[in-house]
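Content type mmCIF, C-alpha atoms, from the file coords-v3.cif:
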data_protein
loop_
_atom_site.label_atom_id
_atom_site.label_comp_id
_atom_site.auth_asym_id
_atom_site.auth_seq_id
_atom_site.Cartn_x
_atom_site.Cartn_y
_atom_site.Cartn_z
CA VAL A 65 0.00 0.00 0.00
CA ALA A 66 1.15 3.54 -0.86
CA SER A 67 -0.86 6.20 0.95
CA ASN A 68 -1.07 9.97 1.09
CA VAL A 69 -2.92 10.61 4.35
CA THR A 70 -4.04 14.03 5.56
CA ARG A 71 -5.61 14.84 8.92
CA GLY A 72 -7.16 17.97 10.34
CA ASN A 73 -8.86 18.72 13.63
CA ARG A 74 -10.41 21.88 15.04
CA ALA A 75 -11.92 22.11 18.52
CA SER A 76 -13.88 25.14 19.74
CA THR A 77 -14.36 25.11 23.52
CA LEU A 78 -15.92 27.28 26.21
CA GLN A 79 -15.23 26.84 29.92
CA ALA A 80 -16.41 28.81 32.95
CA ASP A 81 -15.47 28.16 36.59
CA PHE A 82 -16.77 29.88 39.72
CA ALA A 83 -15.93 29.89 43.44
CA MET A 84 -18.08 31.32 46.23
CA PRO A 85 -17.34 31.34 49.98
CA MET A 86 -20.15 29.89 52.08
CA GLY A 87 -19.46 31.02 55.64
CA SER A 88 -16.09 30.52 57.30
CA SER A 89 -15.64 26.79 56.62
CA HIS A 90 -17.16 26.11 53.17
CA THR A 91 -16.21 27.15 49.63
CA LEU A 92 -18.63 26.25 46.84
CA ARG A 93 -17.13 25.68 43.39
CA TYR A 94 -19.00 24.98 40.19
CA GLY A 95 -18.49 25.21 36.46
CA VAL A 96 -19.52 24.23 32.93
CA TYR A 97 -17.60 23.08 29.87
CA GLY A 98 -18.58 22.68 26.23
CA SER A 99 -16.62 21.48 23.20
CA PHE A 100 -17.46 21.30 19.51
CA GLU A 101 -14.81 19.33 17.63
CA ARG A 102 -14.58 18.63 13.91
CA ALA A 103 -12.09 16.12 12.48
CA VAL A 104 -11.51 15.62 8.76
CA SER A 105 -9.35 12.99 7.10
CA GLY A 106 -8.33 12.08 3.60
CA ASN A 107 -6.61 8.98 2.27
CA ASP A 108 -5.44 8.71 -1.34
CA ALA A 109 -4.20 5.12 -1.41
CA TRP A 110 -2.88 2.74 -4.05
CA VAL A 111 -3.20 -1.00 -3.36
CA PHE A 112 -3.20 -4.32 -5.22
CA PRO A 113 -6.08 -6.80 -5.45
CA ALA A 114 -5.88 -9.71 -3.00
CA ASP A 115 -7.75 -12.89 -2.16
CA ALA A 116 -9.46 -13.78 1.13
CA ASP A 117 -6.09 -14.80 2.64
CA GLY A 118 -4.53 -11.43 1.84
CA LYS A 119 -2.35 -12.77 -0.99
CA GLN A 120 -1.82 -10.45 -3.95
CA THR A 121 -3.71 -11.62 -7.03
CA GLY A 122 -2.78 -8.94 -9.57
CA THR A 123 -0.10 -6.44 -10.55
CA THR A 124 -2.30 -3.53 -11.59
CA PRO A 125 -2.63 -1.00 -8.74
CA ILE A 126 -6.07 0.10 -7.56
CA ASN A 127 -6.66 3.68 -6.42
CA ILE A 128 -8.93 4.14 -3.39
CA LEU A 129 -10.05 7.58 -2.20
CA ASP A 130 -11.29 7.48 1.39
CA ASN A 131 -12.37 10.87 2.77
CA SER A 132 -14.45 11.44 5.91
CA GLN A 133 -15.58 14.11 8.36
CA LEU A 134 -16.60 13.62 11.99
CA THR A 135 -18.15 16.00 14.51
CA ALA A 136 -17.99 15.41 18.27
CA LYS A 137 -19.80 17.37 21.00
CA THR A 138 -19.02 17.32 24.72
CA TRP A 139 -21.05 18.96 27.50
CA SER A 140 -19.97 18.90 31.14
CA ALA A 141 -20.89 20.50 34.46
CA TYR A 142 -19.68 20.05 38.04
CA VAL A 143 -20.32 21.23 41.58
CA GLN A 144 -17.97 20.83 44.55
CA ASP A 145 -17.78 21.89 48.18
CA GLU A 146 -14.53 22.42 50.06
CA TRP A 147 -15.21 21.92 53.76
CA SER A 148 -12.57 22.96 56.28
CA ILE A 149 -13.11 20.88 59.41
CA GLY A 150 -11.10 22.56 62.12
CA ASP A 151 -7.45 23.34 61.47
CA LYS A 152 -6.32 19.87 60.42
CA TRP A 153 -8.97 18.40 58.10
CA THR A 154 -10.14 19.48 54.63
CA LEU A 155 -12.86 17.55 52.79
CA ASN A 156 -13.61 18.09 49.09
CA TYR A 157 -16.69 16.37 47.68
CA GLY A 158 -18.71 16.91 44.54
CA LEU A 159 -20.39 15.58 41.42
CA ARG A 160 -19.59 15.94 37.73
CA GLY A 161 -21.78 15.14 34.74
CA ASP A 162 -20.56 14.52 31.17
CA GLN A 163 -22.31 13.85 27.87
CA TYR A 164 -20.43 12.98 24.69
CA GLN A 165 -21.84 12.64 21.16
CA LEU A 166 -20.08 11.18 18.15
CA ALA A 167 -21.11 7.88 16.57
CA ARG A 168 -23.28 7.34 19.65
CA THR A 169 -24.33 9.36 22.70
CA GLU A 170 -22.78 8.41 26.06
CA SER A 171 -23.02 10.07 29.47
CA GLN A 172 -22.08 9.58 33.10
CA LEU A 173 -22.51 11.13 36.56
CA SER A 174 -19.20 10.97 38.42
CA PRO A 175 -18.85 11.45 42.20
CA ARG A 176 -15.58 12.75 43.68
CA ILE A 177 -14.38 12.87 47.28
CA GLY A 178 -10.98 13.75 48.71
CA LEU A 179 -9.71 14.18 52.28
CA VAL A 180 -6.55 15.97 53.44
CA TRP A 181 -5.29 15.59 57.02
CA GLN A 182 -2.60 17.87 58.42
CA ALA A 183 -1.41 15.25 60.92
CA THR A 184 1.41 17.40 62.29
CA GLY A 185 3.09 20.64 61.32
CA SER A 186 5.32 18.65 58.95
CA THR A 187 3.14 15.68 57.92
CA THR A 188 0.25 15.79 55.44
CA VAL A 189 -1.86 12.74 54.55
CA HIS A 190 -4.36 12.61 51.68
CA ALA A 191 -6.82 10.05 50.31
CA GLY A 192 -9.37 10.26 47.52
CA TYR A 193 -11.81 8.51 45.24
CA SER A 194 -12.91 9.67 41.79
CA ARG A 195 -15.16 8.28 39.10
CA TYR A 196 -13.94 9.22 35.58
CA PHE A 197 -15.52 9.36 32.12
CA THR A 198 -13.06 9.58 29.21
CA PRO A 199 -14.45 9.95 25.65
CA PRO A 200 -12.48 8.34 22.80
CA ALA A 201 -10.37 10.41 20.44
CA THR A 202 -12.41 12.06 17.69
CA GLU A 203 -10.10 10.65 15.03
CA LEU A 204 -11.02 7.04 14.34
CA ILE A 205 -11.03 4.37 11.65
CA SER A 206 -14.68 3.63 10.85
CA THR A 207 -16.33 0.54 9.39
CA THR A 208 -16.76 2.47 6.12
CA ASP A 209 -13.01 3.14 6.00
CA LEU A 210 -12.20 -0.53 6.49
CA ALA A 211 -14.80 -1.72 3.96
CA ALA A 212 -13.21 0.44 1.25
CA PHE A 213 -10.09 -1.77 1.36
CA ALA A 214 -11.83 -5.15 1.33
CA GLY A 215 -10.35 -7.49 -1.29
CA THR A 216 -7.04 -5.59 -1.42
CA THR A 217 -3.55 -5.90 0.05
CA ASN A 218 -4.59 -3.33 2.70
CA ALA A 219 -7.58 -5.32 3.98
CA VAL A 220 -7.91 -6.21 7.65
CA LYS A 221 -8.49 -9.69 9.04
CA ASN A 222 -11.00 -8.73 11.74
CA TYR A 223 -13.89 -6.33 11.25
CA GLY A 224 -15.94 -6.65 14.46
CA ASP A 225 -17.30 -3.58 16.25
CA ASN A 226 -15.26 -0.61 15.04
CA THR A 227 -16.85 2.22 17.06
CA PRO A 228 -14.79 2.92 20.21
CA LEU A 229 -16.51 3.54 23.55
CA ALA A 230 -15.95 6.05 26.32
CA GLU A 231 -13.76 4.75 29.12
CA ARG A 232 -15.25 4.52 32.63
CA SER A 233 -13.03 4.07 35.67
CA ASN A 234 -12.87 4.15 39.46
CA TYR A 235 -9.72 5.79 40.80
CA PHE A 236 -8.36 5.43 44.34
CA ASP A 237 -5.40 7.39 45.72
CA VAL A 238 -3.59 7.51 49.09
CA GLY A 239 -0.43 9.40 49.89
CA VAL A 240 1.69 11.18 52.50
CA SER A 241 4.05 14.16 52.41
CA GLN A 242 6.72 14.69 55.10
CA ASN A 243 8.88 17.75 55.69
CA LEU A 244 12.24 17.00 57.33
CA GLY A 245 13.25 20.39 58.58
CA SER A 246 12.87 23.35 56.23
CA ASP A 247 15.08 21.98 53.44
CA LEU A 248 13.89 18.43 52.61
CA THR A 249 10.43 17.20 51.60
CA LEU A 250 9.61 13.50 51.01
CA GLY A 251 6.46 12.14 49.45
CA LEU A 252 4.92 8.73 48.78
CA ASP A 253 1.78 8.27 46.70
CA THR A 254 -0.06 5.07 45.70
CA TYR A 255 -2.94 4.69 43.28
CA TYR A 256 -5.20 2.07 41.75
CA ARG A 257 -7.57 2.46 38.81
CA LYS A 258 -10.16 -0.18 37.92
CA VAL A 259 -11.36 0.39 34.37
CA SER A 260 -14.26 -0.68 32.20
CA ARG A 261 -13.83 -0.19 28.44
CA LEU A 262 -10.14 0.62 28.90
CA GLN A 263 -8.90 2.76 25.99
CA ASP A 264 -5.72 2.23 24.03
CA GLU A 265 -4.57 3.13 20.52
CA GLY A 266 -3.70 1.00 17.52
CA GLN A 267 -2.24 1.71 14.10
CA PHE A 268 -4.00 0.95 10.80
CA GLY A 269 -2.01 0.67 7.61
CA ALA A 270 1.48 1.90 6.78
CA ALA A 271 0.86 5.54 7.76
CA LEU A 272 0.96 6.72 11.36
CA VAL A 273 -2.79 6.97 11.76
CA TYR A 274 -3.90 5.92 15.23
CA SER A 275 -7.38 4.87 16.24
CA THR A 276 -8.85 4.16 19.68
CA PHE A 277 -9.84 0.64 20.69
CA ASN A 278 -11.23 -0.69 23.98
CA TYR A 279 -10.37 -3.53 26.29
CA LYS A 280 -13.44 -4.74 28.14
CA TYR A 281 -11.54 -4.84 31.46
CA GLY A 282 -8.50 -3.01 32.74
CA HIS A 283 -6.59 -2.27 35.91
CA VAL A 284 -3.76 0.20 36.46
CA GLY A 285 -1.84 0.66 39.71
CA GLY A 286 1.40 1.93 41.05
CA ALA A 287 3.37 4.00 43.53
CA GLU A 288 5.63 7.04 43.31
CA PHE A 289 8.30 8.32 45.68
CA THR A 290 9.47 11.94 45.50
CA ALA A 291 12.16 13.95 47.27
CA ASN A 292 12.93 17.67 47.03
CA TYR A 293 15.86 19.49 48.67
CA ASN A 294 16.56 23.21 48.69
CA ALA A 295 19.16 24.80 50.95
CA GLY A 296 21.32 27.79 50.14
CA PRO A 297 23.05 27.39 46.78
CA LEU A 298 22.08 23.71 46.38
CA SER A 299 18.75 22.35 45.13
CA ALA A 300 17.93 18.81 44.06
CA TYR A 301 14.98 16.52 43.24
CA PHE A 302 14.45 12.78 42.84
CA ASN A 303 11.46 10.75 41.62
CA PHE A 304 11.00 6.99 41.37
CA SER A 305 7.82 5.23 40.28
CA TYR A 306 6.46 1.73 39.77
CA THR A 307 3.44 1.00 37.61
CA LYS A 308 1.50 -1.95 36.23
CA ALA A 309 -1.11 -1.41 33.50
CA MET A 310 -3.07 -4.34 32.03
CA GLY A 311 -6.11 -4.97 29.86
CA LYS A 312 -8.25 -7.95 28.87
CA ASP A 313 -10.69 -8.81 26.04
CA VAL A 314 -10.57 -6.43 23.05
CA MET A 315 -14.18 -5.36 22.48
CA THR A 316 -13.88 -2.68 19.74
CA SER A 317 -11.66 -2.07 16.72
CA GLN A 318 -10.50 -5.69 16.62
CA TYR A 319 -8.84 -5.07 13.24
CA ASN A 320 -5.73 -3.94 15.18
CA PHE A 321 -5.03 -7.56 16.19
CA SER A 322 -4.47 -10.92 14.58
CA PRO A 323 -7.07 -13.65 15.24
CA GLU A 324 -4.54 -15.51 17.40
CA ASP A 325 -3.86 -12.45 19.57
CA LEU A 326 -7.58 -11.72 19.92
CA ALA A 327 -8.21 -15.26 21.13
CA TYR A 328 -5.46 -15.01 23.75
CA ILE A 329 -6.45 -11.54 25.01
CA ALA A 330 -10.08 -12.63 25.31
CA ASN A 331 -9.11 -14.91 28.21
CA ASN A 332 -5.96 -13.31 29.62
CA PHE A 333 -4.85 -9.93 30.93
CA ILE A 334 -1.93 -8.50 28.92
CA TYR A 335 0.32 -5.52 29.58
CA LEU A 336 -0.60 -2.32 27.78
CA ASP A 337 1.97 -1.30 25.18
CA HIS A 338 2.82 1.90 27.10
CA ASP A 339 3.36 0.07 30.40
CA GLN A 340 6.81 0.76 31.88
CA LYS A 341 7.56 -1.00 35.17
CA TYR A 342 10.09 1.43 36.68
CA THR A 343 10.71 5.08 35.85
CA SER A 344 13.00 7.56 37.57
CA SER A 345 14.13 11.15 37.13
CA GLY A 346 16.27 13.51 39.14
CA GLY A 347 18.39 16.60 39.04
CA VAL A 348 20.76 18.82 40.95
CA SER A 349 21.60 22.53 40.63
CA TYR A 350 24.29 24.58 42.37
CA ALA A 351 24.67 28.35 42.42
CA LEU A 352 28.17 29.78 41.87
CA GLY A 353 27.46 33.24 43.23
CA ASP A 354 24.34 35.23 42.44
CA ALA A 355 24.44 34.99 38.65
CA THR A 356 25.81 31.55 37.67
CA ARG A 357 24.38 28.05 38.18
CA ILE A 358 25.58 24.62 37.09
CA GLY A 359 23.36 21.57 37.02
CA ALA A 360 22.59 18.07 35.82
CA ASN A 361 19.45 15.96 35.40
CA TYR A 362 18.66 12.45 34.25
CA LEU A 363 15.83 10.24 33.02
CA PHE A 364 15.74 6.44 33.44
CA GLY A 365 13.20 3.82 32.38
CA THR A 366 13.04 0.05 32.13
CA GLY A 367 11.58 0.18 28.62
CA LEU A 368 8.11 0.01 27.10
CA ARG A 369 6.44 -3.23 26.07
CA LYS A 370 6.97 -5.31 22.92
CA ASP A 371 5.55 -8.62 21.78
CA GLY A 372 7.07 -11.74 23.32
CA THR A 373 5.66 -15.22 23.67
CA VAL A 374 2.32 -13.44 24.28
CA PRO A 375 1.11 -10.00 23.08
CA ASN A 376 3.13 -7.24 24.80
CA GLY A 377 4.86 -9.95 26.80
CA GLY A 378 8.39 -8.60 26.33
CA THR A 379 10.10 -5.29 27.10
CA LEU A 380 12.41 -2.97 25.24
CA PRO A 381 15.88 -2.32 26.74
CA ASP A 382 16.47 -0.02 29.71
CA TYR A 383 17.47 3.53 28.86
CA PHE A 384 19.33 6.29 30.72
CA GLN A 385 19.84 9.89 29.64
CA LEU A 386 22.07 12.41 31.44
CA ASN A 387 21.92 16.14 30.64
CA LEU A 388 24.34 18.84 31.85
CA ASN A 389 23.79 22.58 31.93
CA VAL A 390 25.30 25.89 32.98
CA SER A 391 23.49 29.23 33.12
CA HIS A 392 24.44 32.84 33.73
CA ASP A 393 22.44 36.03 34.23
CA PHE A 394 23.84 39.23 32.72
CA THR A 395 22.64 42.57 34.06
CA PHE A 396 22.78 45.69 31.88
CA ASP A 397 22.12 49.16 33.21
CA HIS A 398 19.83 50.32 30.41
CA PHE A 399 18.64 46.98 29.10
CA GLY A 400 17.73 44.88 32.12
CA GLN A 401 18.56 41.24 32.82
CA LEU A 402 19.48 38.61 30.21
CA HIS A 403 19.34 34.92 31.16
CA THR A 404 21.55 32.55 29.13
CA GLN A 405 21.93 28.79 29.35
CA LEU A 406 24.08 26.18 27.66
CA ALA A 407 22.90 22.56 27.81
CA LEU A 408 24.55 19.30 26.80
CA ILE A 409 21.78 16.82 25.98
CA ASN A 410 22.43 13.09 26.44
CA ALA A 411 25.98 13.58 27.69
CA LEU A 412 26.72 9.85 27.76
#

Written form, structure tokens:
Amino acid sequence: VASNVTRGNRASTLQADFAMPMGSSHTLRYGVYGSFERAVSGNDAWVFPADADGKQTGTTPINILDNSQLTAKTWSAYVQDEWSIGDKWTLNYGLRGDQYQLARTESQLSPRIGLVWQATGSTTVHAGYSRYFTPPATELISTTDLAAFAGTTNAVKNYGDNTPLAERSNYFDVGVSQNLGSDLTLGLDTYYRKVSRLQDEGQFGAALVYSTFNYKYGHVGGAEFTANYNAGPLSAYFNFSYTKAMGKDVMTSQYNFSPEDLAYIANNFIYLDHDQKYTSSGGVSYALGDATRIGANYLFGTGLRKDGTVPNGGTLPDYFQLNLNVSHDFTFDHFGQLHTQLALINAL
């Protein structure tokens, strides 16, 4: 297949948010959101004829013009109360409603509640629950698009239900932040997300055109540790996270998978392709006087997923990137201050 693919998307949105004190211990917040999004796509493709097994049956190219236009509308509103309970407790609770229209109309009412406890002058604990509604991307590969390539070398093996669904999830979060003196802050946060109609993206054809598909079930969880230090000329930060993201049973846009992979995923949880088990970042900066700073930062990851003995069963190699930098501020009497910086990217 040889394709010339064009994509365009325009979203017009309006959002308004309000806050109103209600006595000395309550703050009422509410707002509305609206979005009108139009996506257009064009595909001028040349393919060869093929049989039912996908084998080429001729040498004369066939030209297929596949143009489409989609319009998506989103309407949302929320209300929330922030309740200060004494000096140490803050409770946020509220409700959000969303309606999304594209190939179908979907909606959801989503409760939210979060609690913050100032346990001591240096220790803060938080916990929360949220219900989320995530519409699919407006750009998608429709049944009409797929049907246009039937009987060609760009045909798919699985047609199925090709209209993606909005994702619905329950999100739980618990964490603690600890100040050690005035210079060092440590934090630990854990989360778990149980998902219905878990969204992911697949690629159709040779061009980088992505389309949303859904797993029927999904669960995502992890933990993150953070540290921040700031004392005199020295400042530093460190982050380390663990995550596990899995899905089961592809229920829409099955054309992204082979029949063998579909059969396996129907009965087994697999890692999502963007799952990365361990990720870390950090940096340090030191001031040489009032105008000059030197610094370094890094990024580390254990690699995204790749196919192994099962779909997404393997991982790409670990990676590590170190960056170095030096900056200086020049001050001119009649001009003002000029900040300059020189960075060495991927020093190793």

* Written as a list in words, what is the full residue list that the PyMOL selection byres ((chain A and resi 411) around 7) yields on the file shown? ->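 For this structure, the PyMOL selection byres ((chain A and resi 411) around 7) captures Leu386, Asn387, Leu388, Leu408, Ile409, Asn410 and Leu412 of chain A.
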
* So which residues get picked by the PyMOL selection byres ((chain A and resi 224) around 7) here, written as a VMD selection string? -> chain A and resid 222 to 223 225 to 226 316 to 318

* Would you translate the PyMOL selection byres ((chain A and resi 290-306) around 9) into the concrete set of residues it matches in this file, as a ChimeraX atom specification? => /A:246-253,285-289,307-308,340-353,357

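For the choices A:Ile205, A:Leu262, A:Leu244, A:Ala114, the atom-to-atom distance to A:Tyr274 is smallest for A:Ile205 when using only C-alpha atoms.
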
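Between atom CA of A:Lys280 and atom CA of A:Ala330 the separation is 9.0 Å.
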
* Quick one: of A:Phe277, A:Tyr319, A:Phe396, A:Phe384, who's nearest to A:Leu204, counting all atoms listed in the file? ->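 The closest residue to A:Leu204 is A:Phe277.
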
* Would you mind listing what lies within 10 Å of stretch 90-100 of chain A as number ranges by chain, with all atoms listed in the file counted and same-chain residues fewer than 5 positions away left out? => A: 74-85, 135-149, 154-156, 158-165

* To do: Grab the atom CA of A:Asp264 to atom CA of A:Asn332 distance for me, in Å with one decimal place.
  =>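 Atom CA of A:Asp264 sits 16.5 Å away from atom CA of A:Asn332.
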
* Option closest in space to A:Ser186, from A:Val240, A:Val220, A:Leu380, A:Val374 [counting only C-alpha atoms] ->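 Of all the options, A:Val240 lies closest to A:Ser186.
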
* Between atom CA of A:Ser206 and atom CA of A:Gly122, what is the distance, to one decimal in Å? ->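 Interatomic distance, atom CA of A:Ser206 to atom CA of A:Gly122: 26.8 Å.
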
* Kindly indicate which residue among A:Leu166, A:Met315, A:Met310, A:Ala407 lies nearest to A:Ile358, using all atoms listed in the file for the distances. =>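 Going through A:Leu166, A:Met315, A:Met310, A:Ala407 one by one, the smallest distance to A:Ile358 is for A:Ala407.
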
* May I have the protein, DNA and RNA residues with any atom at most 6 Å from the point (-13.6, 26.9, 59.4), counting only C-alpha atoms, written as a ChimeraX atom specification? => /A:88-89,148,150

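Ranking A:Tyr362, A:Thr184, A:Pro375, A:Ala355 by their shortest atom-to-atom distance to A:Ser391, with all atoms listed in the file included, puts A:Ala355 first.
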
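Distances to A:Thr366 were evaluated for A:Asn389, A:Asn278, A:Asn68, A:Thr379 using all atoms listed in the file, and the minimum falls at A:Thr379.
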
For stretch 66-72 of chain A, take all atoms listed in the file, fit an axis-aligned box around them, add 8 Å to each of the six sides, then output centre and edge lengths in Å rounded to one decimal, as JSON.
{"center_x": -3.0, "center_y": 10.8, "center_z": 4.7, "size_x": 24.3, "size_y": 30.4, "size_z": 27.2}

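When the distance limit is 9 Å and all atoms listed in the file are what count, the residues near A:Val180, minus those fewer than 4 positions from it on the same chain, are Lys152, Trp153, Thr154, Leu155, Asn156, Thr188, Val189, His190, Ala191 and Gly192 of chain A.
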